[in-house]
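Shown next: upload35.csv, containing CSV, C-alpha atoms.
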```csv
chain,number,residue,atom,x,y,z
J,3,MET,CA,-25.3,19.4,-47.2
J,4,LYS,CA,-26.3,17.1,-44.4
J,5,LYS,CA,-24.3,14.3,-46.1
J,6,ALA,CA,-21.2,16.5,-46.3
J,7,ALA,CA,-21.5,17.4,-42.6
J,8,ILE,CA,-21.9,13.8,-41.7
J,9,LEU,CA,-18.8,12.9,-43.8
J,10,ILE,CA,-16.7,15.6,-42.1
J,11,LEU,CA,-17.8,14.4,-38.7
J,12,THR,CA,-17.0,10.8,-39.6
J,13,VAL,CA,-13.5,11.8,-40.8
J,14,LEU,CA,-12.8,13.8,-37.6
J,15,MET,CA,-13.9,10.8,-35.5
J,16,LEU,CA,-11.6,8.5,-37.5
J,17,LEU,CA,-8.7,10.9,-37.1
J,18,THR,CA,-9.3,11.1,-33.4
J,19,ALA,CA,-9.5,7.3,-33.1
J,20,VAL,CA,-6.2,7.0,-35.1
J,21,SER,CA,-4.6,9.6,-32.9
J,22,ALA,CA,-5.8,7.8,-29.7
J,23,VAL,CA,-4.5,4.5,-31.0
J,24,ALA,CA,-1.1,6.0,-31.9
J,25,GLU,CA,-0.7,7.4,-28.4
J,26,THR,CA,1.0,5.2,-25.7
J,27,ARG,CA,0.8,5.8,-21.9
J,28,ILE,CA,3.9,5.3,-19.9
J,29,SER,CA,3.3,5.3,-16.1
J,30,VAL,CA,6.4,5.8,-13.9
J,31,GLY,CA,7.2,6.7,-10.3
J,32,GLY,CA,9.9,9.2,-9.2
J,33,SER,CA,11.3,10.0,-5.9
J,34,GLY,CA,13.5,12.7,-4.3
J,35,THR,CA,15.0,13.2,-0.9
J,36,THR,CA,16.4,16.3,0.8
J,37,LEU,CA,18.2,16.2,4.2
J,38,VAL,CA,17.6,19.1,6.7
J,39,ASN,CA,19.0,19.8,10.2
J,40,ALA,CA,16.7,19.2,13.1
J,41,ASP,CA,16.1,22.3,15.2
J,42,TYR,CA,14.1,20.9,18.1
J,43,ALA,CA,13.7,17.6,19.9
J,44,MET,CA,11.0,15.9,21.9
J,45,VAL,CA,12.2,13.8,24.8
J,46,THR,CA,9.7,11.3,26.4
J,47,LEU,CA,10.7,10.1,29.8
J,48,GLY,CA,9.1,9.3,33.2
J,49,VAL,CA,9.0,7.3,36.3
J,50,VAL,CA,7.6,3.8,37.2
J,51,HIS,CA,7.0,2.6,40.8
J,52,ILE,CA,5.8,-0.8,42.0
J,53,GLU,CA,4.2,-1.0,45.4
J,54,LYS,CA,1.8,-3.4,47.2
J,55,ASP,CA,-0.6,-0.6,47.9
J,56,VAL,CA,-2.1,1.3,45.0
J,57,LEU,CA,-2.2,4.6,46.8
J,58,ASN,CA,1.5,4.3,47.8
J,59,ALA,CA,2.4,3.6,44.2
J,60,GLN,CA,0.4,6.6,42.9
J,61,GLU,CA,1.8,8.9,45.6
J,62,LYS,CA,5.4,8.0,44.8
J,63,VAL,CA,4.9,8.5,41.1
J,64,ASN,CA,3.2,11.9,41.6
J,65,SER,CA,5.9,13.1,44.0
J,66,THR,CA,8.7,12.1,41.7
J,67,ILE,CA,7.1,13.4,38.5
J,68,ASN,CA,6.6,16.8,40.3
J,69,ALA,CA,10.2,16.8,41.3
J,70,ILE,CA,11.3,16.1,37.7
J,71,ARG,CA,9.1,18.9,36.4
J,72,ALA,CA,10.4,21.3,39.0
J,73,ALA,CA,14.1,20.4,38.2
J,74,LEU,CA,13.5,20.9,34.5
J,75,ILE,CA,11.9,24.3,35.0
J,76,GLU,CA,14.7,25.4,37.3
J,77,SER,CA,17.2,24.4,34.6
J,78,GLY,CA,15.5,26.8,32.2
J,79,VAL,CA,13.0,24.6,30.4
J,80,SER,CA,9.7,26.5,29.9
J,81,LYS,CA,6.5,25.2,31.6
J,82,GLU,CA,4.8,25.2,28.2
J,83,ASP,CA,7.4,22.8,26.9
J,84,ILE,CA,6.7,20.1,29.6
J,85,ASN,CA,3.6,18.1,29.0
J,86,THR,CA,2.1,14.9,30.3
J,87,ASP,CA,2.3,12.1,27.9
J,88,GLN,CA,0.5,9.3,29.8
J,89,VAL,CA,-0.4,8.2,33.3
J,90,ARG,CA,-1.1,4.6,34.1
J,91,ILE,CA,-1.8,2.3,37.1
J,92,ASN,CA,-1.8,-1.4,36.5
J,93,ALA,CA,-2.5,-4.3,38.8
J,94,ARG,CA,0.2,-7.0,39.1
J,95,TYR,CA,-1.0,-10.6,39.4
J,96,ASP,CA,0.4,-13.8,40.8
J,97,TYR,CA,-0.7,-16.7,38.5
J,98,SER,CA,1.2,-19.4,40.3
J,99,GLY,CA,-1.9,-20.8,42.1
J,100,SER,CA,-5.2,-22.0,41.0
J,101,VAL,CA,-6.7,-18.5,41.5
J,102,GLU,CA,-4.9,-15.4,40.3
J,103,LYS,CA,-4.1,-12.8,43.0
J,104,ILE,CA,-3.3,-9.2,43.0
J,105,VAL,CA,0.2,-8.8,44.6
J,106,GLY,CA,0.9,-5.2,43.9
J,107,TYR,CA,0.4,-2.2,41.6
J,108,SER,CA,2.6,-0.6,38.9
J,109,ALA,CA,2.1,3.2,38.6
J,110,SER,CA,3.8,5.2,35.9
J,111,SER,CA,3.8,8.7,34.6
J,112,TYR,CA,5.6,10.1,31.5
J,113,LEU,CA,6.5,13.6,30.4
J,114,VAL,CA,7.2,14.9,26.9
J,115,ILE,CA,9.8,17.7,27.0
J,116,ARG,CA,10.4,19.9,24.0
J,117,THR,CA,13.8,21.6,23.6
J,118,ASN,CA,15.3,23.8,21.0
J,119,ASP,CA,18.8,23.6,22.5
J,120,MET,CA,20.1,20.9,20.2
J,121,GLU,CA,23.5,20.9,21.8
J,122,ASN,CA,22.1,20.0,25.2
J,123,VAL,CA,19.3,17.5,24.6
J,124,GLY,CA,21.3,15.1,26.8
J,125,SER,CA,21.3,17.5,29.7
J,126,VAL,CA,17.5,17.4,29.8
J,127,ILE,CA,17.7,13.6,30.3
J,128,ASP,CA,20.4,13.9,33.0
J,129,ILE,CA,18.4,16.6,34.9
J,130,ALA,CA,15.3,14.4,34.8
J,131,PHE,CA,17.1,11.3,35.9
J,132,GLY,CA,18.8,13.2,38.6
J,133,ALA,CA,15.4,14.2,39.9
J,134,GLY,CA,14.1,10.7,40.0
J,135,ALA,CA,13.2,9.6,36.4
J,136,ASN,CA,13.9,5.9,35.8
J,137,THR,CA,12.7,5.3,32.3
J,138,LEU,CA,13.5,6.9,28.9
J,139,ASP,CA,10.9,6.2,26.3
J,140,GLY,CA,12.5,7.9,23.3
J,141,ILE,CA,13.8,11.0,21.5
J,142,GLU,CA,12.4,12.4,18.3
J,143,PHE,CA,13.8,15.1,16.2
J,144,PHE,CA,11.9,17.7,14.1
J,145,ALA,CA,12.4,20.8,12.0
J,146,GLU,CA,10.1,23.8,12.1
J,147,ASN,CA,10.2,24.7,8.4
J,148,THR,CA,10.5,22.0,5.7
J,149,GLU,CA,8.8,23.9,2.9
J,150,SER,CA,11.9,24.6,0.8
J,151,ALA,CA,13.1,21.0,1.4
J,152,ARG,CA,9.8,19.7,0.2
J,153,GLU,CA,10.0,21.8,-3.0
J,154,GLU,CA,13.5,20.6,-3.6
J,155,SER,CA,12.5,16.9,-3.1
J,156,LEU,CA,9.5,17.4,-5.4
J,157,ASN,CA,11.8,18.8,-8.2
J,158,PHE,CA,14.1,15.8,-7.7
J,159,ALA,CA,11.1,13.4,-7.9
J,160,VAL,CA,9.7,14.9,-11.1
J,161,THR,CA,13.2,14.9,-12.7
J,162,ASP,CA,13.6,11.2,-11.7
J,163,ALA,CA,10.2,10.2,-13.2
J,164,ARG,CA,11.0,12.1,-16.4
J,165,LYS,CA,14.3,10.4,-16.8
J,166,LYS,CA,12.8,7.0,-16.3
J,167,ALA,CA,10.0,7.7,-18.8
J,168,GLU,CA,12.5,8.9,-21.5
J,169,ILE,CA,14.6,5.7,-21.0
J,170,ILE,CA,11.5,3.5,-21.4
J,171,ALA,CA,10.3,5.5,-24.4
J,172,LYS,CA,13.6,5.4,-26.2
J,173,ALA,CA,13.9,1.6,-25.6
J,174,ALA,CA,10.5,1.2,-27.1
J,175,GLY,CA,11.2,3.4,-30.1
J,176,LEU,CA,8.8,6.2,-28.9
J,177,ASN,CA,9.1,9.9,-28.0
J,178,ILE,CA,7.6,11.6,-25.0
J,179,THR,CA,5.0,14.1,-26.3
J,180,GLY,CA,3.1,15.1,-23.1
J,181,ILE,CA,1.8,14.3,-19.7
J,182,ASP,CA,-1.6,12.8,-18.9
J,183,THR,CA,-1.7,12.8,-15.1
J,184,ILE,CA,0.5,13.6,-12.1
J,185,THR,CA,0.0,12.5,-8.4
J,186,GLU,CA,2.4,13.3,-5.6
J,187,SER,CA,3.0,12.6,-1.9
J,188,TYR,CA,5.4,13.4,0.9
J,189,SER,CA,7.0,11.7,3.9
J,190,TYR,CA,9.0,13.2,6.7
J,191,THR,CA,11.3,10.9,8.7
J,192,SER,CA,14.3,10.9,10.9
J,193,GLU,CA,17.5,9.2,9.8
J,194,SER,CA,17.3,7.0,12.9
J,195,SER,CA,20.4,5.1,12.0
J,196,ARG,CA,22.4,8.3,12.4
J,197,ASN,CA,20.9,9.2,15.8
J,198,ALA,CA,22.7,8.1,18.9
J,199,VAL,CA,22.3,8.3,22.6
J,200,PHE,CA,25.4,7.6,24.6
J,201,LYS,CA,25.4,7.2,28.4
J,202,ASN,CA,28.6,7.4,30.4
J,203,ALA,CA,30.5,8.7,27.4
J,204,VAL,CA,34.1,9.9,27.6
J,205,ALA,CA,33.6,13.6,28.3
J,206,GLU,CA,35.1,16.5,26.5
J,207,ASP,CA,36.3,19.5,28.4
J,208,SER,CA,32.8,21.1,28.1
J,209,MET,CA,31.0,18.0,29.3
J,210,ALA,CA,30.8,16.3,32.7
J,211,LEU,CA,32.0,12.7,32.8
J,212,GLY,CA,29.0,10.3,32.6
J,213,ALA,CA,26.7,12.8,30.9
J,214,THR,CA,24.2,11.6,28.3
J,215,VAL,CA,25.4,12.7,24.8
J,216,VAL,CA,22.6,12.9,22.2
J,217,GLN,CA,23.7,13.2,18.6
J,218,SER,CA,20.8,14.4,16.4
J,219,ALA,CA,20.3,13.2,12.9
J,220,LYS,CA,19.5,14.8,9.7
J,221,LEU,CA,15.8,14.7,8.9
J,222,SER,CA,14.8,13.2,5.6
J,223,VAL,CA,12.1,15.0,3.6
J,224,GLU,CA,11.0,12.7,0.8
J,225,ALA,CA,8.7,13.4,-2.1
J,226,SER,CA,7.3,10.9,-4.6
J,227,VAL,CA,5.3,11.3,-7.8
J,228,THR,CA,3.5,9.0,-10.2
J,229,ILE,CA,3.4,10.5,-13.7
J,230,VAL,CA,1.6,9.1,-16.7
J,231,PHE,CA,3.4,10.3,-19.8
J,232,ILE,CA,2.1,10.3,-23.3
J,233,ALA,CA,4.4,8.9,-26.0
J,234,GLU,CA,4.1,8.3,-29.7
```
Would it be possible to restate this file's structure as structure tokens?
Amino acid sequence: MKKAAILILTVLMLLTAVSAVAETRISVGGSGTTLVNADYAMVTLGVVHIEKDVLNAQEKVNSTINAIRAALIESGVSKEDINTDQVRINARYDYSGSVEKIVGYSASSYLVIRTNDMENVGSVIDIAFGAGANTLDGIEFFAENTESAREESLNFAVTDARKKAEIIAKAAGLNITGIDTITESYSYTSESSRNAVFKNAVAEDSMALGATVVQSAKLSVEASVTIVFIAE
């Protein structure tokens, strides 16, 4: 009886081993991209002043940044949508002599302004510069809800991986019989090459001449997967 049980166990182990040898793993990557419209923007801008006296530099920056904030609020931007990004005071040195000397101070303050008015992002910049801003650090575009776009991109990525695996399996004389593992990841980026900021543009009837025109881009929601397929 024991011999029969051992024999059966041995046969099962041999069959498992043969099955394992017959199976081939094919690891492929797939990717998918969905474009969505941005529905809010973050504008980073500020003011920089250089003075010989550090307190004068700081005072001018503080006065100007307060004027910028007040002008934005008066234009309709919510207080909650105007936040400090960074405040800096740096010494400026003269290295021409044998001993370096402080010759002045550079003070700067930056604000990050959020706006959901995608048609008038440029006006936020114009209002700020009209109130004393002298540096624009950048504009970023975002979308509130990207869940459906992520799902669509993931579907594209899985389909892409499956197609690649089937091509590889067919070329090798194999058939896809299952999936061993799947890993996935996402990325969320702005199509920066499609963004544009134009100053002193030729105005349309609804725009003032010299206004800043900001053209927002589509946002790229990308999904990628790595799938290990089983083939025989």
Report the distance between atom CA of Arg90 of chain J and atom CA of Val50 of chain J in Å, rounded to one decimal place.
9.3 Å
Just how far from atom CA of Ala69 of chain J is atom CA of Ile129 of chain J, in Å to one decimal?
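About the pair atom CA of Ile129 of chain J and atom CA of Ala69 of chain J: they are 10.4 Å apart.
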Which is closest to Met44 of chain J among J:Phe231, J:Tyr97, J:Phe143, J:Tyr107, if we use all atoms listed in the file?
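Among the listed residues, the smallest separation from Met44 of chain J belongs to J:Phe143.
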With all atoms listed in the file as the atoms that count, which of J:Ile67, J:Ile75, J:Ala174, J:Ile127 lies nearest to Tyr112 of chain J?
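The answer is J:Ile67, which sits nearest to Tyr112 of chain J.
Among J:Ile178, J:Leu47, J:Ala225, J:Ile169, the residue with the shortest atom-to-atom distance to Glu149 of chain J, counting all atoms listed in the file, is J:Ala225.
Proximity to Thr66 of chain J was assessed for J:Ile184, J:Ile170, J:Val123, J:Val49 counting all atoms listed in the file; the smallest distance is recorded for J:Val49.
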Which residue, J:Ala40, J:Ile141, J:Ile229, J:Val63, has the smallest gap to Lys165 of chain J when you use all atoms listed in the file?
J:Ile229
